[in-house]
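Novice: The structure that follows is given in the form of structure tokens.
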Amino acid sequence: MFNKSYSENDDWIDIWSAFPYASYMNLYNRYFISNQTYLNDKLAVPKMTDLDGMQVTGSFIHYPPYTAYYRVPPGTGNANIFGSNETKSVLLRGQEHTILVEFCLKYNCTLVARLEYDEELWGESFSNHTGLGIVGALVMRDANVSCAALYLWDNTYEFTQYSAIIQRATITHVLPKPKPLPYWQTPILPFPGYIWGYVLGAFLIGGIILFFVDLTQANFNINEENNAEYGLFDSIYAVFMMSIFQGVNINIEFMSNIVLFTVLLIYALVIGNLYAGGLASVMTVTRYEEPIDSLEKLVESNFMWGAPAWDWIFTIQQSEYPPFKKFIKNYIVKPIPDIHKLVKQQKFAVTLETMQHGTLSYQAYMDKDDSKFLMMTKEPVYWQDSVFMTSKTWPFMEQLNRIVLMQQESGIRYYLEQQAAVQTMDYDIQRNIEENAKPPDGAEPVKLSIQHILGALFLLLFGSIAATISFFFELFWYHKVEKSILLKRAVNKWKKHVKK
């Protein structure tokens, strides 16, 4: 603090400092304006190296591997609990907590943890200088510093200050991996839907052409019997029989018939062999559903998506990108236990993040059993930089930044991330999710089983049921027609009898 004073002979500026705290009422130095000298041989602005045990209060949540805390017996932790007389009764873990612990070790301060924000989580700030969660604690000055993958949000900058960038965080989704396609679909899997459309369309056109060729021959009396050999249904059925390599009657007296049937035969031969090869592939290598590995696919799927807080959409809420707008519109906020239930039902895509070197922050959204059917999308939603947030006028940001920049420059950030993952998370969950993102079963051949012919059995059953229904419908129809004819004959006979 500078204080300008005057005397009869000189003008000078008194310099007061809060460091060290034991002597904060003493004059630190005096600067004489006339000869531009100092009273004492001290720096004008002292370098802070010792906070003399001053308390630094942090608002924390349990969000591994970024931040984690564990209550331990007094004296065995590395921070105090706010409002408790016990010392060192909480153990702070996680990459960002480690940086804060290192800060207090280097500058001799006492870290005090406020741990009552696990329900409100990150929270938000309001224009009247109030707020919720760990961010609200900074705005209301209930805490000095906070961390838990906090981003460079513009809506909180008015009330807080940001440290140097700690690391890059990538927002992504964890959702159920593709399931094997049901075996009853085996007969139609060799071709995709649009290929089936082309094939059926070609056969239909071939049948119509055959019908008109045969009809034209009959109309011009080219056919000696003056009667078309193929009706429309017969023509389509004949083309279908050729497609499955069955024999049909061909009138070889006319060149048009020979050319048409030759083209249809070659086409059927090519398509049939392609289908046979595709069917062999389907029955050898299991086919799976189309994976949802990008935001564009996710917003068009039947999955719900969301997280336990709105914070994941703050960065993109002003975006005009259509998938982002649809993503924000259908974004769901639910408590962590409810999200866990939806994950078990395989109906939910969890919005979460990965650290700079790939560690996944899955927290309590899933357990080891859940991870066996979950995968992470290949394409991220977006990425952001994580920082420490402090109250607006907290005076030790420069010292905290030194620790942050040191862990970047030295390369120890990778070690801190791996250490946090080992200390706070179950590595089997991370491994399962990473493995599920690979091609299913390694695309290895599978043994043929009775399930592979379920599709053919389904077609046989469907055909048998359809034929049975058609048979009874025909019986009913012909019985009705026959009854109508008999009734008509009886009426006519009665009318003749009356006239007589």
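In the structure tokens, chains take the letters A, B, ... in the order shown, each chain's residues start at 1, and ligands count up from 1 in the order shown.
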Considering only alpha helix (DSSP H) as DSSP defines it on the backbone, what residues of region 317-409 of chain A qualify? List them as a PyMOL selection string.

Specialist: chain A and resi 322-329+336-344+368-371+397-409

Novice: Residues within 8 Å of Tyr69 (chain A), please, as a short mmCIF file (atom, residue, chain, number, x, y, z; two decimals) with N, CA and C atoms, in the first residue's frame. Count only C-alpha atoms; anything in the same chain fewer than 6 positions from it doesn't count.

Specialist:
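Printed below is around20.cif as written:
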data_model
loop_
_atom_site.label_atom_id
_atom_site.label_comp_id
_atom_site.auth_asym_id
_atom_site.auth_seq_id
_atom_site.Cartn_x
_atom_site.Cartn_y
_atom_site.Cartn_z
N ILE A 61 -15.80 -30.28 -4.70
CA ILE A 61 -16.73 -31.40 -4.90
C ILE A 61 -15.90 -32.63 -5.23
N HIS A 62 -16.53 -33.77 -5.08
CA HIS A 62 -15.86 -35.03 -5.41
C HIS A 62 -16.10 -35.32 -6.89
N VAL A 90 -8.95 -34.26 6.27
CA VAL A 90 -9.45 -34.61 4.95
C VAL A 90 -8.26 -34.78 4.01
N LEU A 91 -8.34 -35.80 3.17
CA LEU A 91 -7.27 -36.09 2.22
C LEU A 91 -7.75 -35.69 0.83
N LEU A 92 -7.08 -34.71 0.22
CA LEU A 92 -7.44 -34.24 -1.11
C LEU A 92 -6.63 -34.99 -2.15
N ARG A 93 -7.32 -35.57 -3.12
CA ARG A 93 -6.68 -36.28 -4.23
C ARG A 93 -7.15 -35.67 -5.54
#

Novice: Please provide the set of residues having any atom within 8 Å of Gly306 (chain A), restricted to only C-alpha atoms, with same-chain residues fewer than 2 positions apart removed, written as a PyMOL selection string.

Specialist: chain A and resi 304+308+331-334+348-351

Novice: Now that the selection is made, can you save its residues with C-alpha atoms as a PDB file, in the first residue's frame?

Specialist:
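New file result_11.pdb:
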ATOM      1  CA  MET A 304     -31.626 -39.543 -24.182  1.00  0.00           C
ATOM      2  CA  PRO A 308     -26.200 -33.890 -13.487  1.00  0.00           C
ATOM      3  CA  TYR A 331     -30.300 -31.957 -22.981  1.00  0.00           C
ATOM      4  CA  ILE A 332     -31.527 -33.507 -19.697  1.00  0.00           C
ATOM      5  CA  VAL A 333     -30.326 -32.714 -16.174  1.00  0.00           C
ATOM      6  CA  LYS A 334     -30.885 -35.498 -13.637  1.00  0.00           C
ATOM      7  CA  PHE A 348     -28.958 -42.881 -21.857  1.00  0.00           C
ATOM      8  CA  ALA A 349     -25.835 -41.243 -23.267  1.00  0.00           C
ATOM      9  CA  VAL A 350     -23.880 -39.625 -20.437  1.00  0.00           C
ATOM     10  CA  THR A 351     -22.244 -36.289 -21.198  1.00  0.00           C
TER      11      THR A 351
END

Novice: Report, in Å with one decimal, the straight-line distance from CA of Gly278 (chain A) to CA of Phe191 (chain A).

Specialist: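 Straight-line distance from CA of Gly278 (chain A) to CA of Phe191 (chain A) works out to 7.3 Å.
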
Novice: Using only C-alpha atoms, which of the listed residues (A:Glu158, A:Asp367, A:Asp142, A:Asp11) sits closest to Asn128 (chain A)?

Specialist: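 Using only C-alpha atoms, Asn128 (chain A) sits closest to A:Glu158.
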
Novice: For Lys372 (chain A), list every protein, DNA or RNA residue within 8 Å, evaluated using only C-alpha atoms, and leave out those in the same chain fewer than 6 positions away; present the list as JSON, numbers by chain.

Specialist: {"A": [429, 432, 433, 436]}

Novice: Please provide as an mmCIF file with C-alpha atoms, in the first residue's frame all residues within 10 Å of Leu150 (chain A), with the sequence filter that same-chain residues fewer than 2 positions apart are discarded (counting only C-alpha atoms).

Specialist:
data_model
loop_
_atom_site.group_PDB
_atom_site.id
_atom_site.type_symbol
_atom_site.label_atom_id
_atom_site.label_comp_id
_atom_site.auth_asym_id
_atom_site.auth_seq_id
_atom_site.Cartn_x
_atom_site.Cartn_y
_atom_site.Cartn_z
ATOM 1 C CA TYR A 66 -9.934 -33.886 -11.409
ATOM 2 C CA TRP A 122 -20.622 -26.519 -9.990
ATOM 3 C CA ILE A 134 -18.674 -24.094 -5.786
ATOM 4 C CA VAL A 135 -18.891 -21.142 -8.193
ATOM 5 C CA SER A 146 -12.224 -23.618 -6.366
ATOM 6 C CA CYS A 147 -11.567 -26.305 -8.953
ATOM 7 C CA ALA A 148 -13.269 -29.310 -10.569
ATOM 8 C CA LEU A 152 -13.421 -20.375 -19.206
ATOM 9 C CA TRP A 153 -17.089 -19.435 -18.947
ATOM 10 C CA TYR A 162 -9.322 -17.305 -13.741
ATOM 11 C CA ILE A 166 -4.370 -26.179 -16.358
ATOM 12 C CA ALA A 169 -10.677 -31.102 -21.409
ATOM 13 C CA ASP A 311 -22.479 -26.646 -17.046
ATOM 14 C CA GLN A 384 -12.454 -26.451 -23.398
ATOM 15 C CA ASP A 385 -9.621 -25.338 -21.136
ATOM 16 C CA SER A 386 -9.927 -25.997 -17.421
ATOM 17 C CA VAL A 387 -8.736 -23.432 -14.869
ATOM 18 C CA PHE A 388 -8.796 -22.556 -11.193
ATOM 19 C CA MET A 389 -11.402 -19.986 -10.202
#

Novice: Near Asn80 (chain A), counting only C-alpha atoms, which residues have an atom at most 7 Å away, once you skip same-chain residues fewer than 2 positions from it, shown as a list in words?

Specialist: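 So the residues in contact are Phe82, Glu86, Thr87, Lys88, Ser89, Val90, Leu111, Val112 and Ala113 of chain A.
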
Novice: Find the residue from A:Val199, A:Ile258, A:Val174, A:Leu100 that sits nearest to Asp370 (chain A); use only C-alpha atoms when measuring.

Specialist: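 Nearest candidate to Asp370 (chain A) out of A:Val199, A:Ile258, A:Val174, A:Leu100: A:Val174.
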
Novice: Report as a ChimeraX atom specification: the residues of region 215-439 of chain A with a DSSP assignment of strand (DSSP E), based on the backbone of this structure.

Specialist: /A:304-307,331-333,348-354,374-376,382-391

Novice: Contacts of Thr186 (chain A) at 12 Å or less, counting only C-alpha atoms, minus same-chain residues fewer than 5 places along, as an MDAnalysis selection string?

Specialist: chainID A and resid 180:181 191:192 275:276 278:288 451:459

Novice: In Å, with one decimal, what is the gap from CA of Thr390 (chain A) to CA of Trp16 (chain A)?

Specialist: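 Distance reported for this atom pair: 24.6 Å.
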
Novice: A:Phe245, A:Asn29, A:Ile403, A:Lys344: which is nearest Leu374 (chain A), counting only C-alpha atoms?

Specialist: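 Smallest separation from Leu374 (chain A) among the options: A:Lys344.
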